[in-house]
Each structure stands twice: as C-alpha cells, then as structure tokens.
Amino acid sequence: MQQEKKYEWGEGVFTLLSWFKKDKVKNARVLVAGAGALGNEVVKDLALFGVGHIYVVDFDQIEISNLTRSVLFREEDAYNHSYKAEIVAKRAMEINPQIKVTPIVGNLFSEVGFGLYRAVDVIIGCLDSRMARYLLNRLCMRAGKTWIDGSIENLTGAVKVYTPGINCYECGLSREEFNIIMLRTGCADVVRAQTSAGRVATTPISASIIGAMQVQEAMKIIHLDSENSAQFKTLQGKMLRYEGMTNSMNIYKFSSWKKKCPAHEQWQDIMDGKELSAIMTIKDVLKYLKSLLDVKTLEINMLNNKFIDKIVSDKPEKEFNVMIPESKLDEYINSNAELRKLSYRTIFHKSFFENIDSNFPYKDLTLQQIGIPLFDVIQVSTEKGLYYVELTGDAKLFL
C-alpha cells in the first residue's frame, strides 16, 4: 500500500506571493465573533489561507433559514439543532486538517476570557447588532487589539477597521444609537425576558464579498510588522462600502477618536496567575490572590457578569433562588415554565453580587460557576490598589 505523502498547506501557492510570510500565518491566532453567514465565509477563507489557530464564538443554534447563505452548514445540522460555532469549527478543519479551530459556544462578552483577546493577533466581527459591536469594541480597546467589523444587508455591505488610537466604534455612534444601546443594557436591578430581533434579508453573494474583504484585511494586520508590509494599505480608520445593485465600491474616511471616551481604557501591567484557573473555588482563589499580591483584604470585581442568587417577581410577589451568572438569566427564565409565564406580565428584581470577597456566602462555587470564564483576567481591588490578574492556568486549554 502506497504511503500517503506529507505536504505543507499552501506550499508552492501562497509562497509565490511577494508579501506572504508562511510562518507568520501558520503561527497566527484569529478570533472570529459570530458564526452566521459572514462568520462562515470568514472562517472558510482563514482556513484556506492556513491561519494556524482560529477561535469561533457564537451561542446560536443552526436553523433551516441559515442554509441559504452559510456555506459550512448542512440540512442535518439544522435538524439536529447543532451549535453554529461547533459546526463551523468542524467543517473548517475538514477543509484544512493542518489548522486548529476552537469553538466557543457562548457570549463574546461574558463567556470568552479576556486572556484570549490579549493572545490573538486580530479579531474579526461578524455580528448583527449594535449591542454586540459595542461590547466587542470595548474588549478590543481594553486589550489594545485591532478588530475588523463586517455588516451585510440585501446586496450591500460594509467593512470597517477599528484600531486603538485611530478609530473607535463607540466614538462614532450617534446620540440616538448610543441611547438605544444604553436602553438594551438596562437597569442593574430589573430584568425582563427579551424578544428576538427580526431577521435582516441578505444574500450569499454579499456575505462572500464582505467576508473575503474582512479576511484580506486580517491578513494585512497579521503581516503589518514584516518588511514587505509597505506593499499594501489597510482600512484602519476607513470604511469600505459595497453596493451590489449598482456594482460600486467606495472607500471613505471613517475615523472617530474622542479623548474622553470610556471605551479607550486599556488594561496594562497584567500579572500572570500561573496556577489560577476558572475551575478553582472562590475560597482557593481568594487565598491564592492574597499570597500573590501580598495583601490582607481584597475583592474580585465582577465587571462583565454579576452573580444572581435570587430574583423576586412583582405580581405575585414570589422569590426564586437561581444561583447563576447574569448572562444566563434570560435563558434560565425561558427554560422554566413558571418563570416564563410570569415574565410576560411582571418585573423580576434581582438580588446580586457585583464584588466577591471573604464575606461571599458561596465560596465553594468555582469562578466559572459565578460567571468568570476560563482564561479571563480578573480585576482585584486591595488596600494597596487595583491589580489585574490573568487566569494563566487556563491558557493551555486555548493556546
């Protein structure tokens, strides 16, 4: 039986490109936020280029309606209610077995560790709401990373590249857009079950064009510090708009950077918590942090996710013990028949913890159980000041 010949992906093809650096691409890490029509195209193209490690984040399941514009989904995926991120990862590695694609089924803001944002070379946004873009922008600015936003509707689409110091999504929001986002974030002590957003009509053509342009920009960002990077120009601080109805494509200056924008906060001097993991109990984490930071008192600040121990309905007045992160609350309400029925005619008030210290009553729970994801960076307040500590013990699960 003839032995299968070994080969290296892209050898003799991409290596003919004057700007292409094989090792840079092979060692690159790219985070893709969203695994719908755009996400399918983006991950497919990244796989074809041979990008070494791709992370795909999405919490949605595949529906029949997704099949018309999502090249990596199949009919059985919809019937099986498979998660988009998992199927995209599986099919991308079938295209290119020499890469690694890690699916993350969850919310990009509360269930993706900040350590991962710091570790990747570039982030590609394939999102369908202002709220998701607002949250992703804050994380990218905090990590000092460039992110590439794509949007499609009907036969049109746009690509925008946001880089700290050049362009910020939040800075470019109108007052009306910002107010809509603030309304969505809501009041801290009240929650209602939210209705699903309506679908936007798109085509596989606009998805493939915009997704391809996003990947092209990502490849440029990956190569920016190489000696051949002067050969190309990026869309940093610009917007590319494609109009399929008239076959026109234009590039506009799209740069907005306001001095006092709260999104520009960057976390620096982050400490490695080499033995810290999100699967450790609160009790063990507090003990470890006191030793690491040499402090007597501290509290972990729950910035992205509060821990809800109970909710109380208005009419009838009734208390429910839930013991879950805030990000899971809507899902929990929808899965509970009594709570789902109440949600249509009452307000739920939340009893929650924003900070975790030695007085926290559930210290046998893990960080992950209270809403801190694997490979996150936690903000710790102490008598000596503020510290940022990475859960570096989780890094081996992702890198």
# chains A, B, ... in the order shown; residues from 1 in each chain; ligands from 1
call {"tool": "select_by_dssp", "arguments": {"residues": "segment 153-345 of chain A", "states": "alpha helix (DSSP H)", "output": "VMD selection string"}}
result
chain A and resid 175 to 185 204 to 222 282 to 293 329 to 335 337 to 342
call {"tool": "residues_around", "arguments": {"residues": "Asn305 of chain A", "least_positions_apart": "4", "cutoff": "12 Å", "atoms": "only C-alpha atoms", "output": "ChimeraX atom specification"}}
result
/A:107-113,188,300-301,324-329,352-356,367-373,378
call {"tool": "closest_atom_pairs", "arguments": {"of": "segment 67-120 of chain A", "to": "segment 146-162 of chain A", "cutoff": "12 Å", "atoms": "only C-alpha atoms", "output": "CSV"}}
result
residue,atom,partner,partner_atom,distance
A:Arg69,CA,A:Ile152,CA,11.6
A:Tyr117,CA,A:Thr146,CA,10.3
A:Arg118,CA,A:Thr146,CA,10.8
A:Val120,CA,A:Thr146,CA,10.0
call {"tool": "residues_around", "arguments": {"residues": "segment 379-386 of chain A", "least_positions_apart": "2", "cutoff": "10 Å", "atoms": "only C-alpha atoms", "output": "mmCIF file with N, CA and C atoms, in the first residue's frame"}}
result
data_model
loop_
_atom_site.group_PDB
_atom_site.id
_atom_site.type_symbol
_atom_site.label_atom_id
_atom_site.label_comp_id
_atom_site.auth_asym_id
_atom_site.auth_seq_id
_atom_site.Cartn_x
_atom_site.Cartn_y
_atom_site.Cartn_z
ATOM 1 N N TRP A 267 -6.149 47.856 29.756
ATOM 2 C CA TRP A 267 -5.616 47.166 30.932
ATOM 3 C C TRP A 267 -4.149 46.853 30.681
ATOM 4 N N ILE A 270 -0.675 43.563 33.468
ATOM 5 C CA ILE A 270 -1.457 42.389 33.883
ATOM 6 C C ILE A 270 -0.514 41.306 34.389
ATOM 7 N N LEU A 289 -4.753 34.673 45.744
ATOM 8 C CA LEU A 289 -4.556 36.092 45.411
ATOM 9 C C LEU A 289 -3.931 36.867 46.567
ATOM 10 N N LYS A 290 -4.333 36.555 47.794
ATOM 11 C CA LYS A 290 -3.744 37.237 48.952
ATOM 12 C C LYS A 290 -2.251 36.972 49.035
ATOM 13 N N LEU A 293 -0.456 38.740 45.819
ATOM 14 C CA LEU A 293 -0.411 40.203 45.871
ATOM 15 C C LEU A 293 0.123 40.737 47.206
ATOM 16 N N ASP A 294 0.310 39.817 48.173
ATOM 17 C CA ASP A 294 0.790 40.189 49.499
ATOM 18 C C ASP A 294 -0.103 41.263 50.127
ATOM 19 N N VAL A 295 -1.398 40.950 50.206
ATOM 20 C CA VAL A 295 -2.383 41.875 50.767
ATOM 21 C C VAL A 295 -3.207 41.159 51.834
ATOM 22 N N LYS A 296 -3.880 41.941 52.649
ATOM 23 C CA LYS A 296 -4.718 41.383 53.713
ATOM 24 C C LYS A 296 -6.182 41.297 53.300
ATOM 25 N N THR A 297 -6.634 42.288 52.554
ATOM 26 C CA THR A 297 -8.033 42.298 52.111
ATOM 27 C C THR A 297 -8.096 42.513 50.601
ATOM 28 N N LEU A 298 -9.078 41.903 49.984
ATOM 29 C CA LEU A 298 -9.257 42.091 48.544
ATOM 30 C C LEU A 298 -10.684 41.737 48.160
ATOM 31 N N GLU A 299 -11.071 42.208 46.987
ATOM 32 C CA GLU A 299 -12.342 41.798 46.396
ATOM 33 C C GLU A 299 -12.182 41.702 44.884
ATOM 34 N N ILE A 300 -12.809 40.689 44.330
ATOM 35 C CA ILE A 300 -12.804 40.489 42.882
ATOM 36 C C ILE A 300 -13.994 41.253 42.314
ATOM 37 N N ASN A 301 -13.714 42.136 41.368
ATOM 38 C CA ASN A 301 -14.772 42.957 40.786
ATOM 39 C C ASN A 301 -15.398 42.232 39.593
ATOM 40 N N MET A 302 -16.706 41.996 39.667
ATOM 41 C CA MET A 302 -17.428 41.291 38.600
ATOM 42 C C MET A 302 -17.839 42.295 37.530
ATOM 43 N N LEU A 303 -16.933 42.622 36.641
ATOM 44 C CA LEU A 303 -17.162 43.690 35.675
ATOM 45 C C LEU A 303 -18.113 43.296 34.556
ATOM 46 N N ASN A 355 -19.286 42.277 43.646
ATOM 47 C CA ASN A 355 -17.920 42.090 44.128
ATOM 48 C C ASN A 355 -17.867 40.832 44.992
ATOM 49 N N ILE A 356 -16.768 40.110 44.885
ATOM 50 C CA ILE A 356 -16.600 38.860 45.621
ATOM 51 C C ILE A 356 -15.450 39.022 46.607
ATOM 52 N N ASP A 357 -15.749 38.875 47.910
ATOM 53 C CA ASP A 357 -14.708 38.982 48.929
ATOM 54 C C ASP A 357 -14.881 37.868 49.951
ATOM 55 N N ASP A 376 -9.699 34.116 31.816
ATOM 56 C CA ASP A 376 -10.098 35.520 31.950
ATOM 57 C C ASP A 376 -9.004 36.315 32.658
ATOM 58 N N VAL A 377 -9.176 37.619 32.696
ATOM 59 C CA VAL A 377 -8.350 38.492 33.526
ATOM 60 C C VAL A 377 -9.283 39.130 34.546
ATOM 61 N N TYR A 388 -4.631 43.668 38.067
ATOM 62 C CA TYR A 388 -5.246 42.817 37.052
ATOM 63 C C TYR A 388 -4.461 41.513 37.002
ATOM 64 N N VAL A 389 -5.164 40.405 37.164
ATOM 65 C CA VAL A 389 -4.506 39.106 37.243
ATOM 66 C C VAL A 389 -5.144 38.154 36.240
ATOM 67 N N GLU A 390 -4.318 37.556 35.399
ATOM 68 C CA GLU A 390 -4.801 36.605 34.395
ATOM 69 C C GLU A 390 -4.905 35.207 34.980
#
call {"tool": "residues_around", "arguments": {"residues": "Ile180 of chain A", "least_positions_apart": "6", "cutoff": "12 Å", "atoms": "only C-alpha atoms", "output": "list of chain:residue names"}}
result
A:Ser129, A:Arg130, A:Met131, A:Tyr134, A:Leu173, A:Ser174, A:Gly186
call {"tool": "select_by_dssp", "arguments": {"residues": "segment 181-297 of chain A", "states": "strand (DSSP E)", "output": "PyMOL selection string"}}
result
chain A and resi 190-191+238-243+248-253+271-272
call {"tool": "write_last_selection", "arguments": {"atoms": "all heavy atoms", "output": "CSV table (one decimal), in the first residue's frame"}}
result
chain,number,residue,atom,x,y,z
A,190,VAL,N,-33.3,45.3,37.5
A,190,VAL,CA,-34.5,44.8,36.9
A,190,VAL,C,-34.2,44.1,35.6
A,190,VAL,O,-33.3,44.5,34.9
A,190,VAL,CB,-35.5,46.0,36.6
A,190,VAL,CG1,-36.7,45.5,35.9
A,190,VAL,CG2,-35.8,46.7,37.9
A,191,VAL,N,-35.0,43.0,35.3
A,191,VAL,CA,-34.8,42.3,34.1
A,191,VAL,C,-36.1,41.9,33.5
A,191,VAL,O,-37.0,41.5,34.3
A,191,VAL,CB,-33.8,41.1,34.2
A,191,VAL,CG1,-34.5,40.0,35.1
A,191,VAL,CG2,-33.5,40.5,32.9
A,238,LYS,N,-10.9,53.6,8.2
A,238,LYS,CA,-11.6,53.8,7.0
A,238,LYS,C,-12.8,52.8,6.9
A,238,LYS,O,-12.9,51.9,7.7
A,238,LYS,CB,-10.8,53.6,5.7
A,238,LYS,CG,-9.6,54.5,5.6
A,238,LYS,CD,-8.9,54.3,4.3
A,238,LYS,CE,-7.6,55.2,4.1
A,238,LYS,NZ,-6.5,54.6,4.9
A,239,MET,N,-13.7,53.1,5.9
A,239,MET,CA,-14.8,52.2,5.7
A,239,MET,C,-14.9,51.9,4.2
A,239,MET,O,-14.8,52.8,3.4
A,239,MET,CB,-16.2,52.8,6.1
A,239,MET,CG,-17.4,52.0,5.7
A,239,MET,SD,-19.0,52.7,6.2
A,239,MET,CE,-19.1,54.1,5.1
A,240,LEU,N,-15.0,50.6,3.9
A,240,LEU,CA,-15.2,50.1,2.5
A,240,LEU,C,-16.7,49.8,2.4
A,240,LEU,O,-17.2,49.0,3.2
A,240,LEU,CB,-14.4,48.9,2.2
A,240,LEU,CG,-14.5,48.3,0.8
A,240,LEU,CD1,-13.2,47.8,0.3
A,240,LEU,CD2,-15.6,47.2,0.7
A,241,ARG,N,-17.4,50.4,1.4
A,241,ARG,CA,-18.8,50.1,1.2
A,241,ARG,C,-19.0,49.5,-0.2
A,241,ARG,O,-18.6,50.1,-1.2
A,241,ARG,CB,-19.6,51.4,1.4
A,241,ARG,CG,-21.1,51.1,1.2
A,241,ARG,CD,-22.0,52.3,1.6
A,241,ARG,NE,-23.4,52.1,1.3
A,241,ARG,CZ,-24.2,51.3,2.1
A,241,ARG,NH1,-23.8,50.8,3.2
A,241,ARG,NH2,-25.5,51.2,1.7
A,242,TYR,N,-19.7,48.4,-0.2
A,242,TYR,CA,-20.0,47.7,-1.4
A,242,TYR,C,-21.5,47.8,-1.7
A,242,TYR,O,-22.3,47.6,-0.8
A,242,TYR,CB,-19.6,46.2,-1.4
A,242,TYR,CG,-20.2,45.4,-2.5
A,242,TYR,CD1,-19.6,45.5,-3.8
A,242,TYR,CD2,-21.2,44.5,-2.2
A,242,TYR,CE1,-20.1,44.7,-4.8
A,242,TYR,CE2,-21.8,43.8,-3.3
A,242,TYR,CZ,-21.2,43.8,-4.5
A,242,TYR,OH,-21.7,43.1,-5.5
A,243,GLU,N,-21.9,48.2,-2.9
A,243,GLU,CA,-23.3,48.3,-3.3
A,243,GLU,C,-23.5,47.4,-4.6
A,243,GLU,O,-23.1,47.8,-5.7
A,243,GLU,CB,-23.6,49.8,-3.7
A,243,GLU,CG,-25.0,50.0,-4.2
A,243,GLU,CD,-26.1,49.4,-3.3
A,243,GLU,OE1,-26.3,50.0,-2.2
A,243,GLU,OE2,-26.6,48.3,-3.7
A,248,SER,N,-20.9,49.1,-7.4
A,248,SER,CA,-20.0,50.1,-7.0
A,248,SER,C,-19.3,49.8,-5.6
A,248,SER,O,-20.0,49.2,-4.8
A,248,SER,CB,-20.7,51.5,-6.9
A,248,SER,OG,-21.7,51.5,-5.9
A,249,MET,N,-18.1,50.2,-5.5
A,249,MET,CA,-17.4,50.0,-4.2
A,249,MET,C,-16.6,51.3,-4.0
A,249,MET,O,-15.8,51.7,-4.8
A,249,MET,CB,-16.5,48.8,-4.4
A,249,MET,CG,-15.8,48.4,-3.0
A,249,MET,SD,-14.8,46.9,-3.2
A,249,MET,CE,-16.0,45.6,-3.4
A,250,ASN,N,-16.7,51.8,-2.8
A,250,ASN,CA,-16.0,53.0,-2.4
A,250,ASN,C,-15.4,52.9,-1.0
A,250,ASN,O,-15.9,52.2,-0.2
A,250,ASN,CB,-17.0,54.2,-2.4
A,250,ASN,CG,-17.6,54.5,-3.8
A,250,ASN,OD1,-16.9,54.9,-4.7
A,250,ASN,ND2,-18.9,54.2,-4.0
A,251,ILE,N,-14.4,53.7,-0.8
A,251,ILE,CA,-13.7,53.8,0.5
A,251,ILE,C,-13.8,55.2,1.0
A,251,ILE,O,-13.6,56.1,0.3
A,251,ILE,CB,-12.2,53.4,0.4
A,251,ILE,CG1,-12.1,51.9,-0.1
A,251,ILE,CG2,-11.5,53.6,1.7
A,251,ILE,CD1,-10.7,51.4,-0.3
A,252,TYR,N,-14.3,55.3,2.3
A,252,TYR,CA,-14.5,56.5,2.9
A,252,TYR,C,-13.6,56.6,4.2
A,252,TYR,O,-13.4,55.6,4.9
A,252,TYR,CB,-15.9,56.7,3.3
A,252,TYR,CG,-16.9,56.6,2.2
A,252,TYR,CD1,-17.5,55.3,1.9
A,252,TYR,CD2,-17.3,57.6,1.4
A,252,TYR,CE1,-18.4,55.2,0.9
A,252,TYR,CE2,-18.2,57.5,0.3
A,252,TYR,CZ,-18.7,56.2,0.1
A,252,TYR,OH,-19.6,56.1,-0.9
A,253,LYS,N,-13.2,57.8,4.5
A,253,LYS,CA,-12.6,58.1,5.8
A,253,LYS,C,-13.6,57.9,6.9
A,253,LYS,O,-14.7,58.4,6.8
A,253,LYS,CB,-11.9,59.5,5.9
A,253,LYS,CG,-11.1,59.7,7.2
A,253,LYS,CD,-10.5,61.1,7.2
A,253,LYS,CE,-9.7,61.3,8.5
A,253,LYS,NZ,-9.1,62.6,8.6
A,271,MET,N,-0.8,40.8,35.6
A,271,MET,CA,0.0,39.8,36.2
A,271,MET,C,-0.4,38.4,35.8
A,271,MET,O,-1.6,38.1,35.5
A,271,MET,CB,-0.1,39.9,37.7
A,271,MET,CG,0.3,41.2,38.3
A,271,MET,SD,0.1,41.4,40.1
A,271,MET,CE,1.3,40.2,40.7
A,272,ASP,N,0.6,37.5,35.7
A,272,ASP,CA,0.3,36.1,35.4
A,272,ASP,C,-0.1,35.3,36.7
A,272,ASP,O,0.7,35.3,37.6
A,272,ASP,CB,1.5,35.4,34.7
A,272,ASP,CG,1.7,35.8,33.3
A,272,ASP,OD1,0.7,36.4,32.7
A,272,ASP,OD2,2.8,35.5,32.7
call {"tool": "atom_distance", "arguments": {"atom1": "atom CA of Tyr83 of chain A", "atom2": "atom CA of Gly125 of chain A"}}
result
18.1 Å
call {"tool": "atom_distance", "arguments": {"atom1": "atom CA of Phe73 of chain A", "atom2": "atom CA of Val25 of chain A"}}
result
25.7 Å
call {"tool": "residues_around", "arguments": {"residues": "Leu365 of chain A", "least_positions_apart": "3", "cutoff": "7 Å", "atoms": "only C-alpha atoms", "output": "number ranges by chain"}}
result
A: 281-282, 362, 369
call {"tool": "write_last_selection", "arguments": {"atoms": "N, CA and C atoms", "output": "PDB file, in the first residue's frame"}}
result
ATOM      1  N   THR A 281     -12.188  26.954  43.236  1.00  0.00           N
ATOM      2  CA  THR A 281     -13.235  27.504  44.088  1.00  0.00           C
ATOM      3  C   THR A 281     -12.880  28.931  44.500  1.00  0.00           C
ATOM      4  N   ILE A 282     -13.917  29.691  44.856  1.00  0.00           N
ATOM      5  CA  ILE A 282     -13.715  31.072  45.319  1.00  0.00           C
ATOM      6  C   ILE A 282     -12.780  31.084  46.527  1.00  0.00           C
ATOM      7  N   TYR A 362     -21.011  31.930  49.154  1.00  0.00           N
ATOM      8  CA  TYR A 362     -20.975  30.687  48.371  1.00  0.00           C
ATOM      9  C   TYR A 362     -19.539  30.403  47.908  1.00  0.00           C
ATOM     10  N   GLN A 369     -18.551  29.067  37.760  1.00  0.00           N
ATOM     11  CA  GLN A 369     -19.956  28.961  38.166  1.00  0.00           C
ATOM     12  C   GLN A 369     -20.572  30.310  38.508  1.00  0.00           C
TER      13      GLN A 369
END
call {"tool": "closest_residue", "arguments": {"among": "A:Ser313, A:Ser277, A:Asn334, A:Asn321", "to": "Phe375 of chain A", "atoms": "only C-alpha atoms"}}
result
A:Ser277
call {"tool": "closest_residue", "arguments": {"among": "A:Gly115, A:Phe232, A:Tyr79, A:Ser65", "to": "Ala395 of chain A", "atoms": "only C-alpha atoms"}}
result
A:Gly115
call {"tool": "closest_residue", "arguments": {"among": "A:Ala35, A:Val30, A:Ile104, A:Val285", "to": "Ile62 of chain A", "atoms": "only C-alpha atoms"}}
result
A:Ala35
call {"tool": "residues_around", "arguments": {"residues": "Glu63 of chain A", "least_positions_apart": "6", "cutoff": "9 Å", "atoms": "only C-alpha atoms", "output": "PyMOL selection string"}}
result
chain A and resi 75+77-79+81-82
call {"tool": "residues_around", "arguments": {"residues": "Trp9 of chain A", "least_positions_apart": "5", "cutoff": "9 Å", "atoms": "only C-alpha atoms", "output": "NGL selection string"}}
result
:A and (14 or 48-50 or 96 or 98)
call {"tool": "write_last_selection", "arguments": {"atoms": "all heavy atoms", "output": "compact mmCIF listing (two decimals), in the first residue's frame"}}
result
# COMPACT_ATOMS: atom_id res chain seq x y z
N PHE A 14 0.73 29.98 -1.97
CA PHE A 14 0.83 31.27 -1.28
C PHE A 14 2.27 31.75 -1.16
O PHE A 14 2.53 32.95 -1.10
CB PHE A 14 0.21 31.16 0.13
CG PHE A 14 -1.26 30.84 0.10
CD1 PHE A 14 -1.78 29.86 0.93
CD2 PHE A 14 -2.13 31.51 -0.74
CE1 PHE A 14 -3.13 29.55 0.92
CE2 PHE A 14 -3.48 31.22 -0.77
CZ PHE A 14 -3.98 30.23 0.06
N LEU A 48 -8.55 28.34 4.42
CA LEU A 48 -7.88 28.18 3.12
C LEU A 48 -6.51 28.85 3.12
O LEU A 48 -5.58 28.35 2.49
CB LEU A 48 -8.76 28.75 2.00
CG LEU A 48 -10.03 27.95 1.66
CD1 LEU A 48 -10.89 28.71 0.67
CD2 LEU A 48 -9.67 26.58 1.10
N PHE A 49 -6.39 29.95 3.81
CA PHE A 49 -5.10 30.63 3.92
C PHE A 49 -4.12 29.87 4.82
O PHE A 49 -2.92 30.09 4.78
CB PHE A 49 -5.28 32.05 4.46
CG PHE A 49 -5.25 33.12 3.40
CD1 PHE A 49 -6.32 33.98 3.24
CD2 PHE A 49 -4.15 33.28 2.58
CE1 PHE A 49 -6.30 34.98 2.26
CE2 PHE A 49 -4.10 34.27 1.61
CZ PHE A 49 -5.18 35.12 1.45
N GLY A 50 -4.65 29.00 5.68
CA GLY A 50 -3.79 28.24 6.58
C GLY A 50 -3.47 28.95 7.88
O GLY A 50 -2.42 28.68 8.49
N ASN A 96 -9.16 22.19 5.94
CA ASN A 96 -7.71 22.23 6.16
C ASN A 96 -7.38 21.50 7.46
O ASN A 96 -7.48 22.07 8.55
CB ASN A 96 -7.21 23.68 6.23
CG ASN A 96 -5.70 23.76 6.36
OD1 ASN A 96 -5.02 22.77 6.59
ND2 ASN A 96 -5.17 24.97 6.22
N GLN A 98 -4.68 20.83 8.74
CA GLN A 98 -3.42 21.25 9.35
C GLN A 98 -3.57 22.46 10.28
O GLN A 98 -2.60 22.96 10.81
CB GLN A 98 -2.39 21.55 8.26
CG GLN A 98 -2.03 20.33 7.43
CD GLN A 98 -0.94 20.62 6.42
OE1 GLN A 98 -0.25 21.62 6.49
NE2 GLN A 98 -0.77 19.71 5.46
call {"tool": "closest_residue", "arguments": {"among": "A:Lys233, A:Lys44, A:Lys274, A:Lys26", "to": "Glu217 of chain A", "atoms": "only C-alpha atoms"}}
result
A:Lys233
call {"tool": "closest_residue", "arguments": {"among": "A:Glu94, A:Glu317, A:Glu338, A:Asp128", "to": "Leu38 of chain A", "atoms": "only C-alpha atoms"}}
result
A:Asp128
